$ cat target_26.cif   # mmCIF, C-alpha atoms
data_my_file
loop_
_atom_site.label_atom_id
_atom_site.label_comp_id
_atom_site.auth_asym_id
_atom_site.auth_seq_id
_atom_site.Cartn_x
_atom_site.Cartn_y
_atom_site.Cartn_z
CA ARG A 1 40.16 -2.69 41.36
CA ARG A 2 41.60 -2.38 37.86
CA ARG A 3 39.27 -5.07 36.60
CA HIS A 4 36.24 -3.29 38.10
CA THR A 5 37.42 0.05 36.72
CA ARG A 6 37.80 -1.40 33.23
CA TYR A 7 34.38 -3.06 33.48
CA TRP A 8 32.78 0.22 34.57
CA ARG A 9 34.48 2.09 31.73
CA ASP A 10 33.29 -0.44 29.14
CA TRP A 11 29.76 -0.47 30.60
CA SER A 12 29.50 3.32 30.68
CA SER A 13 30.72 3.59 27.08
CA ASP A 14 28.08 1.10 25.98
CA VAL A 15 25.36 2.94 27.88
CA CYS A 16 26.37 6.24 26.29
CA SER A 17 26.60 4.79 22.78
CA SER A 18 24.38 6.39 20.18
CA ASP A 19 22.77 3.05 19.31
CA LEU A 20 21.51 2.46 22.82
CA VAL A 21 20.43 6.07 23.31
CA ALA A 22 18.49 5.98 20.03
CA ALA A 23 16.86 2.66 20.96
CA LEU A 24 15.80 3.97 24.37
CA LEU A 25 14.49 7.21 22.89
CA TRP A 26 12.52 5.29 20.27
CA GLY A 27 11.10 2.99 22.93
CA VAL A 28 9.71 5.83 25.05
CA HIS A 29 8.67 8.07 22.15
CA PRO A 30 4.99 9.12 22.44
CA VAL A 31 4.28 8.11 18.83
CA THR A 32 4.85 4.44 19.70
CA VAL A 33 2.05 4.49 22.28
CA SER A 34 -0.74 3.78 19.78
CA SER A 35 0.98 0.60 18.58
CA VAL A 36 1.05 -0.79 22.12
CA ASP A 37 -2.11 0.70 23.63
CA TRP A 38 -4.29 -0.12 20.60
CA ILE A 39 -4.60 -3.88 20.82
CA ALA A 40 -5.38 -4.28 17.12
CA GLU A 41 -2.06 -2.60 16.26
CA ARG A 42 0.19 -4.72 18.44
CA LYS A 43 1.08 -6.55 15.27
CA ASN A 44 3.45 -3.59 14.75
CA THR A 45 5.62 -4.67 17.66
CA LEU A 46 5.74 -8.26 16.40
CA SER A 47 6.55 -7.35 12.80
CA MET A 48 9.16 -4.81 13.97
CA LEU A 49 10.95 -7.49 15.98
CA PHE A 50 11.11 -9.85 13.00
CA ALA A 51 12.19 -7.04 10.66
CA CYS A 52 15.04 -6.04 12.98
CA LEU A 53 16.20 -9.65 13.17
CA SER A 54 16.06 -9.80 9.37
CA VAL A 55 18.23 -6.70 9.01
CA LEU A 56 20.76 -7.96 11.55
CA ALA A 57 21.00 -11.33 9.81
CA TRP A 58 21.34 -9.56 6.44
CA MET A 59 24.27 -7.44 7.65
CA ARG A 60 25.92 -10.47 9.27
CA GLY A 61 25.54 -12.49 6.08
CA GLU A 62 26.85 -9.59 4.03
CA ASP A 63 29.97 -9.45 6.20
CA ASN A 64 30.78 -13.14 6.37
CA GLY A 65 29.17 -14.33 3.11
CA ARG A 66 27.39 -17.23 4.80
CA ARG A 67 24.23 -18.39 3.05
CA ALA A 68 22.76 -19.54 6.35
CA ASP A 69 22.65 -15.96 7.62
CA LEU A 70 21.04 -14.72 4.41
CA ALA A 71 18.49 -17.54 4.58
CA ALA A 72 17.75 -16.59 8.18
CA SER A 73 17.32 -12.98 7.08
CA TRP A 74 14.77 -14.06 4.50
CA GLY A 75 12.95 -16.23 7.04
CA TRP A 76 12.70 -13.37 9.54
CA PHE A 77 11.50 -11.10 6.74
CA VAL A 78 8.69 -13.46 5.79
CA ALA A 79 7.71 -13.68 9.45
CA ALA A 80 7.57 -9.86 9.56
CA LEU A 81 5.30 -9.82 6.50
CA LEU A 82 3.02 -12.44 7.99
CA ALA A 83 2.70 -10.31 11.11
CA LYS A 84 2.00 -7.16 9.06
CA THR A 85 2.65 -6.54 5.37
CA SER A 86 3.72 -2.93 5.95
CA PHE A 87 7.33 -4.16 5.63
CA VAL A 88 6.94 -4.97 1.93
CA THR A 89 9.44 -2.20 1.14
CA LEU A 90 12.21 -3.69 3.30
CA PRO A 91 13.93 -5.22 0.21
CA LEU A 92 14.41 -1.63 -0.98
CA VAL A 93 15.84 -0.59 2.37
CA LEU A 94 18.43 -3.37 2.48
CA PRO A 95 20.50 -1.98 -0.46
CA LEU A 96 20.39 1.43 1.24
CA ILE A 97 21.84 -0.14 4.38
CA SER A 98 24.57 -1.73 2.29
CA TRP A 99 25.32 1.64 0.71
CA TRP A 100 25.44 3.33 4.10
CA ARG A 101 27.87 0.69 5.40
CA GLY A 102 30.14 1.20 2.38
CA ARG A 103 29.33 -2.16 0.81
CA MET A 104 27.51 -0.93 -2.26
CA SER A 105 30.71 -0.37 -4.27
CA ALA A 106 31.43 -4.09 -4.04
CA TRP A 107 27.97 -5.12 -5.14
CA GLY A 108 27.77 -7.50 -8.07
CA ARG A 109 25.39 -9.90 -9.72
CA ARG A 110 25.42 -12.23 -6.72
CA ASP A 111 24.36 -9.44 -4.38
CA VAL A 112 21.48 -8.47 -6.67
CA LEU A 113 20.35 -12.09 -6.84
CA ARG A 114 20.25 -12.20 -3.04
CA LEU A 115 17.41 -9.71 -3.12
CA ILE A 116 15.20 -11.77 -5.45
CA PRO A 117 13.73 -13.99 -2.67
CA PHE A 118 12.95 -10.86 -0.63
CA LEU A 119 11.30 -9.13 -3.57
CA SER A 120 9.33 -12.27 -4.40
CA ALA A 121 7.93 -12.51 -0.88
CA SER A 122 7.03 -8.82 -0.96
CA LEU A 123 5.21 -9.16 -4.28
CA VAL A 124 3.22 -12.23 -3.24
CA LEU A 125 2.10 -11.09 0.19
CA GLY A 126 1.77 -7.48 -0.96
CA ALA A 127 -0.53 -8.60 -3.78
CA VAL A 128 -2.68 -10.52 -1.32
CA THR A 129 -3.05 -7.41 0.85
CA LEU A 130 -3.82 -5.25 -2.20
CA VAL A 131 -6.57 -7.61 -3.37
CA LEU A 132 -8.13 -7.58 0.09
CA GLN A 133 -7.99 -3.78 0.30
CA ILE A 134 -9.54 -3.37 -3.16
CA GLY A 135 -12.25 -5.85 -2.24
CA GLN A 136 -13.11 -3.86 0.89
CA ALA A 137 -13.02 -0.46 -0.82
CA ARG A 138 -14.90 -1.19 -4.05
CA THR A 139 -18.63 -1.26 -4.58
CA ARG A 140 -20.59 -3.28 -7.09
CA ALA A 141 -20.50 -0.46 -9.63
CA SER A 142 -16.82 0.39 -9.18
CA ASP A 143 -14.07 -0.76 -11.52
CA PRO A 144 -10.97 -2.07 -9.67
CA LEU A 145 -8.58 -0.72 -12.32
CA ALA A 146 -10.19 2.72 -12.34
CA MET A 147 -10.15 2.74 -8.56
CA LEU A 148 -6.44 1.91 -8.51
CA VAL A 149 -5.60 4.67 -11.02
CA ALA A 150 -7.59 7.21 -9.02
CA THR A 151 -5.84 6.10 -5.84
CA LEU A 152 -2.42 6.53 -7.42
CA SER A 153 -3.17 10.12 -8.45
CA ARG A 154 -4.53 10.79 -4.98
CA GLY A 155 -1.38 9.29 -3.49
CA MET A 156 0.80 11.74 -5.40
CA VAL A 157 -0.95 14.50 -3.46
CA VAL A 158 -1.23 12.77 -0.09
CA SER A 159 2.29 11.30 0.04
CA GLY A 160 4.30 14.49 0.37
CA ARG A 161 1.88 16.04 2.82
CA ALA A 162 1.86 12.85 4.88
CA VAL A 163 5.67 12.71 4.98
CA TRP A 164 6.04 16.27 6.25
CA PHE A 165 3.17 15.87 8.70
CA SER A 166 4.57 12.61 10.05
CA LEU A 167 8.09 13.98 10.30
CA SER A 168 6.89 17.04 12.20
CA LYS A 169 5.01 14.86 14.71
CA ASP A 170 8.02 12.56 15.11
CA LEU A 171 10.44 15.42 15.77
CA LEU A 172 7.97 17.38 17.93
CA PRO A 173 5.44 14.90 19.37
CA VAL A 174 2.78 17.31 20.57
CA ARG A 175 -0.99 17.28 20.03
CA LEU A 176 -0.96 13.64 18.99
CA ALA A 177 -4.28 11.88 18.37
CA MET A 178 -5.51 8.34 17.96
CA ILE A 179 -7.48 9.47 14.88
CA TYR A 180 -6.48 12.66 13.10
CA PRO A 181 -8.95 14.87 11.20
CA SER A 182 -9.45 13.96 7.54
CA TRP A 183 -7.86 16.07 4.80
CA GLU A 184 -9.44 17.72 1.80
CA ILE A 185 -7.66 16.25 -1.23
CA ASP A 186 -7.91 18.08 -4.56
CA THR A 187 -5.99 16.34 -7.33
CA ARG A 188 -6.98 19.07 -9.81
CA SER A 189 -4.90 21.72 -8.04
CA ALA A 190 -1.24 22.02 -9.07
CA ALA A 191 -0.35 23.46 -5.65
CA ALA A 192 -1.53 20.25 -4.00
CA PHE A 193 1.46 18.40 -5.48
CA ALA A 194 3.99 20.85 -3.98
CA PRO A 195 4.69 18.85 -0.76
CA SER A 196 5.46 15.70 -2.76
CA LEU A 197 7.75 17.62 -5.11
CA ALA A 198 9.48 19.12 -2.08
CA VAL A 199 10.27 15.64 -0.74
CA VAL A 200 11.84 14.68 -4.08
CA ALA A 201 13.78 17.95 -4.24
CA VAL A 202 15.19 17.52 -0.73
CA LEU A 203 16.26 13.94 -1.43
CA ALA A 204 17.88 14.99 -4.71
CA SER A 205 19.79 17.84 -3.08
CA LEU A 206 21.00 15.61 -0.26
CA TRP A 207 22.13 12.99 -2.76
CA TRP A 208 24.00 15.65 -4.69
CA SER A 209 25.82 16.66 -1.47
CA ARG A 210 26.31 13.11 -0.20
CA ARG A 211 30.09 13.54 0.08
CA ARG A 212 29.46 15.62 3.18
CA PRO A 213 28.89 13.36 6.21
CA TRP A 214 25.81 15.22 7.47
CA ALA A 215 24.22 15.17 3.99
CA LYS A 216 24.90 11.46 3.53
CA ALA A 217 23.44 10.67 6.96
CA THR A 218 20.38 12.85 6.36
CA PHE A 219 19.78 11.36 2.90
CA PHE A 220 20.01 7.84 4.29
CA ALA A 221 17.64 8.60 7.18
CA LEU A 222 15.08 10.40 5.02
CA ALA A 223 15.20 7.78 2.24
CA VAL A 224 14.67 4.95 4.73
CA TYR A 225 11.88 6.95 6.38
CA VAL A 226 10.04 7.47 3.09
CA LEU A 227 10.48 3.85 2.00
CA LEU A 228 9.12 2.47 5.27
CA LEU A 229 6.16 4.84 5.03
CA LEU A 230 5.55 4.14 1.34
CA PRO A 231 2.79 1.51 1.83
CA VAL A 232 0.72 4.03 3.85
CA LEU A 233 1.32 7.19 1.80
CA GLY A 234 -1.97 7.00 -0.07
CA PHE A 235 -0.90 5.06 -3.16
CA LEU A 236 -2.98 2.02 -2.16
CA PRO A 237 -6.78 1.89 -1.70
CA ALA A 238 -6.65 1.57 2.09
CA THR A 239 -10.08 1.57 3.68
CA TYR A 240 -8.89 3.39 6.80
CA MET A 241 -7.57 6.32 4.73
CA ARG A 242 -10.86 6.82 2.95
CA SER A 243 -13.02 6.38 6.03
CA TYR A 244 -11.01 8.14 8.73
CA ALA A 245 -7.64 9.85 8.14
CA CYS A 246 -4.66 9.91 5.78
CA VAL A 247 -2.15 9.63 8.61
CA ALA A 248 -1.90 7.64 11.84
CA ASP A 249 0.69 7.28 14.57
CA GLN A 250 0.70 3.49 14.41
CA TRP A 251 1.77 3.62 10.76
CA ARG A 252 5.02 5.35 11.77
CA TYR A 253 6.06 2.78 14.37
CA ALA A 254 8.87 1.32 12.27
CA ALA A 255 9.78 4.45 10.30
CA LEU A 256 10.25 6.40 13.54
CA VAL A 257 13.58 4.64 14.05
CA SER A 258 15.12 6.60 11.19
CA PRO A 259 14.65 10.23 12.38
CA VAL A 260 15.36 9.26 15.99
CA ALA A 261 18.66 7.65 15.02
CA LEU A 262 19.60 10.66 12.89
CA VAL A 263 18.85 13.20 15.62
CA VAL A 264 20.75 11.21 18.25
CA SER A 265 23.76 10.70 15.95
CA LEU A 266 23.92 14.38 15.02
CA ALA A 267 23.47 15.43 18.65
CA MET A 268 26.28 13.17 19.81
CA GLY A 269 28.53 14.37 17.00
CA LEU A 270 28.85 11.00 15.28
#
$ encode --input "target_26.cif" --output "structure tokens"
Amino acid sequence: RRRHTRYWRDWSSDVCSSDLVAALLWGVHPVTVSSVDWIAERKNTLSMLFACLSVLAWMRGEDNGRRADLAASWGWFVAALLAKTSFVTLPLVLPLISWWRGRMSAWGRRDVLRLIPFLSASLVLGAVTLVLQIGQARTRASDPLAMLVATLSRGMVVSGRAVWFSLSKDLLPVRLAMIYPSWEIDTRSAAAFAPSLAVVAVLASLWWSRRRPWAKATFFALAVYVLLLLPVLGFLPATYMRSYACVADQWRYAALVSPVALVVSLAMGL
């Protein structure tokens, strides 16, 4: 009886853990439907699996210092990129994870060098995707460099608006759509840059208050959220953005983990 009681206590504590609750909530979240129901976007589920394995191997290698775990992390990361290159910003997320786990203070030259293979893979496969996107978006009379500059200025307007729109849909998933209405983007209006400046201001204020547990957790979640969304925030000449909409539910499949984990952790008082 004691053995069964102890087993039940351990099982119930695992079931009620914030990690499992967050994973279950993320799995049934309405935003994830488009990545599963839309057959062309099922690459999200595959790349997400490989990215999670990469992060787990990274943390394990960071704890035990084994090169085999770090090599496995890199291998899983490359597999995630081959499935979908939206994870090109994962090498920027990994140091944030180390900081959140309290490992950043011990970082040295060796730890920085560990990121070089990850950054190299991101640059190579990211460049391939960028060339393909520019080739699809340009016309015979268009200049690729001018197109890229125009896209960057457009991204400074779209990015902040896309972050707040996406976050609102993730926290309150109502009136979702497979294809959202297109936005009117005016890069000549100073007010159009306000949402992007607001994102920077919020991150800066949270970083300034990072000694408070809630501020540190919120900064970490929002920073990871923005980094995972960065490839689809309008800074790249994506054909879908110009032809249909600036936001899409399937683009938030991976980033959704961040706000869900934050809400669950705060709700459970962790």
$ resolve_selection --input "target_26.cif" --expression "the PyMOL selection byres ((chain A and resi 82-94) around 8)" --output "list in words"
Lys43, Asn44, Leu46, Ser47, Ala51, Val55, Trp58, Val78, Ala79, Ala80, Leu81, Pro95, Leu96, Ile97, Ser98, Leu115, Phe118, Leu119, Ser122, Leu123, Leu125, Gly126, Thr129, Val224, Leu227, Leu228, Leu230, Pro231 and Val232 of chain A
$ resolve_selection --input "target_26.cif" --expression "the PyMOL selection byres ((chain A and resi 184-190) around 10)" --output "VMD selection string"
chain A and resid 150 153 to 158 181 to 183 191 to 194 246
$ atom_distance --input "target_26.cif" --atom1 "CA of Arg110 (chain A)" --atom2 "CA of Gly65 (chain A)"
10.7 Å
$ closest_residue --input "target_26.cif" --among "A:Arg42, A:Gly27, A:Leu256, A:Asp69" --to "Ala221 (chain A)" --atoms "all atoms listed in the file"
A:Leu256
$ atom_distance --input "target_26.cif" --atom1 "CA of Asp37 (chain A)" --atom2 "CA of Val128 (chain A)"
27.4 Å
$ closest_residue --input "target_26.cif" --among "A:Ala215, A:Val163, A:Val200, A:Ile179" --to "Leu266 (chain A)" --atoms "only C-alpha atoms"
A:Ala215
$ resolve_selection --input "target_26.cif" --expression "the PyMOL selection byres ((chain A and resi 235) around 7)" --output "PyMOL selection string"
chain A and resi 151-152+155+233-234+236-237
$ write_last_selection --input "target_26.cif" --atoms "C-alpha atoms" --output "PDB file, in the frame of the given file"
ATOM      1  CA  THR A 151      -5.840   6.100  -5.840  1.00  0.00           C
ATOM      2  CA  LEU A 152      -2.420   6.530  -7.420  1.00  0.00           C
ATOM      3  CA  GLY A 155      -1.380   9.290  -3.490  1.00  0.00           C
ATOM      4  CA  LEU A 233       1.320   7.190   1.800  1.00  0.00           C
ATOM      5  CA  GLY A 234      -1.970   7.000  -0.070  1.00  0.00           C
ATOM      6  CA  LEU A 236      -2.980   2.020  -2.160  1.00  0.00           C
ATOM      7  CA  PRO A 237      -6.780   1.890  -1.700  1.00  0.00           C
TER       8      PRO A 237
END
$ atom_distance --input "target_26.cif" --atom1 "CA of Gly61 (chain A)" --atom2 "CA of Gly102 (chain A)"
14.9 Å
$ residues_near_point --input "target_26.cif" --point "(17.2, -9.3, 7.3)" --cutoff "8 Å" --atoms "all atoms listed in the file" --output "NGL selection string"
:A and (51-59 or 70 or 72-74 or 76-77 or 94)
$ closest_residue --input "target_26.cif" --among "A:Ser34, A:Ser17, A:Ser196, A:Ser265" --to "Ala248 (chain A)" --atoms "all atoms listed in the file"
A:Ser34
$ closest_residue --input "target_26.cif" --among "A:Ser120, A:Thr218, A:Ser166, A:Ser205" --to "Trp100 (chain A)" --atoms "only C-alpha atoms"
A:Thr218
$ closest_residue --input "target_26.cif" --among "A:Ser159, A:Arg114, A:Val260, A:Ser18" --to "Arg66 (chain A)" --atoms "all atoms listed in the file"
A:Arg114
$ closest_residue --input "target_26.cif" --among "A:Lys216, A:Arg67, A:Arg252, A:Arg109" --to "Met48 (chain A)" --atoms "all atoms listed in the file"
A:Arg252
$ axis_aligned_box --input "target_26.cif" --around "region 199-218 of chain A" --padding-each-side "5 Å" --output "AutoDock Vina command-line options"
--center_x 20.2 --center_y 14.3 --center_z 1.4 --size_x 29.8 --size_y 17.3 --size_z 22.2
$ residues_near_point --input "target_26.cif" --point "(10.8, 12.9, 18.6)" --cutoff "8 Å" --atoms "only C-alpha atoms" --output "MDAnalysis selection string"
chainID A and resid 26 29:30 169:173 259:260
$ decode --input "target_26.cif" --residues "region 33-50 of chain A" --atoms "N, CA, C and O atoms" --output "short mmCIF file (atom, residue, chain, number, x, y, z; two decimals), in the first residue's frame"
data_model
loop_
_atom_site.label_atom_id
_atom_site.label_comp_id
_atom_site.auth_asym_id
_atom_site.auth_seq_id
_atom_site.Cartn_x
_atom_site.Cartn_y
_atom_site.Cartn_z
N VAL A 33 -3.71 24.59 -34.86
CA VAL A 33 -4.53 23.81 -35.80
C VAL A 33 -4.04 23.97 -37.23
O VAL A 33 -3.95 22.99 -37.99
N SER A 34 -3.71 25.19 -37.63
CA SER A 34 -3.33 25.42 -39.03
C SER A 34 -2.07 24.67 -39.42
O SER A 34 -1.90 24.30 -40.58
N SER A 35 -1.17 24.43 -38.46
CA SER A 35 0.07 23.70 -38.77
C SER A 35 -0.17 22.23 -38.98
O SER A 35 0.65 21.54 -39.59
N VAL A 36 -1.27 21.70 -38.45
CA VAL A 36 -1.59 20.28 -38.60
C VAL A 36 -2.63 20.06 -39.70
O VAL A 36 -2.53 19.13 -40.48
N ASP A 37 -3.62 20.95 -39.76
CA ASP A 37 -4.70 20.79 -40.73
C ASP A 37 -4.26 21.17 -42.14
O ASP A 37 -4.71 20.58 -43.12
N TRP A 38 -3.36 22.15 -42.24
CA TRP A 38 -2.85 22.60 -43.53
C TRP A 38 -1.66 21.71 -43.89
O TRP A 38 -0.59 21.83 -43.31
N ILE A 39 -1.86 20.82 -44.85
CA ILE A 39 -0.85 19.79 -45.11
C ILE A 39 0.50 20.38 -45.51
O ILE A 39 1.54 19.82 -45.20
N ALA A 40 0.49 21.53 -46.17
CA ALA A 40 1.74 22.15 -46.59
C ALA A 40 2.52 22.71 -45.41
O ALA A 40 3.72 22.98 -45.54
N GLU A 41 1.87 22.89 -44.26
CA GLU A 41 2.54 23.45 -43.09
C GLU A 41 2.89 22.40 -42.05
O GLU A 41 3.30 22.76 -40.94
N ARG A 42 2.72 21.14 -42.37
CA ARG A 42 3.08 20.10 -41.40
C ARG A 42 4.58 20.02 -41.18
O ARG A 42 5.05 19.33 -40.28
N LYS A 43 5.33 20.73 -42.00
CA LYS A 43 6.76 20.83 -41.75
C LYS A 43 7.03 21.53 -40.44
O LYS A 43 8.11 21.38 -39.85
N ASN A 44 6.06 22.31 -39.93
CA ASN A 44 6.21 22.95 -38.63
C ASN A 44 6.35 21.92 -37.52
O ASN A 44 7.19 22.07 -36.62
N THR A 45 5.52 20.89 -37.56
CA THR A 45 5.57 19.87 -36.51
C THR A 45 6.89 19.11 -36.55
O THR A 45 7.46 18.79 -35.50
N LEU A 46 7.40 18.85 -37.75
CA LEU A 46 8.67 18.14 -37.88
C LEU A 46 9.83 18.99 -37.39
O LEU A 46 10.68 18.53 -36.62
N SER A 47 9.88 20.25 -37.84
CA SER A 47 10.98 21.13 -37.42
C SER A 47 10.91 21.42 -35.92
O SER A 47 11.94 21.54 -35.26
N MET A 48 9.70 21.51 -35.36
CA MET A 48 9.56 21.75 -33.93
C MET A 48 10.11 20.59 -33.12
O MET A 48 10.78 20.79 -32.10
N LEU A 49 9.85 19.38 -33.56
CA LEU A 49 10.38 18.20 -32.88
C LEU A 49 11.91 18.24 -32.85
O LEU A 49 12.54 18.05 -31.79
N PHE A 50 12.53 18.49 -34.00
CA PHE A 50 13.99 18.52 -34.07
C PHE A 50 14.56 19.68 -33.24
O PHE A 50 15.60 19.53 -32.60
#
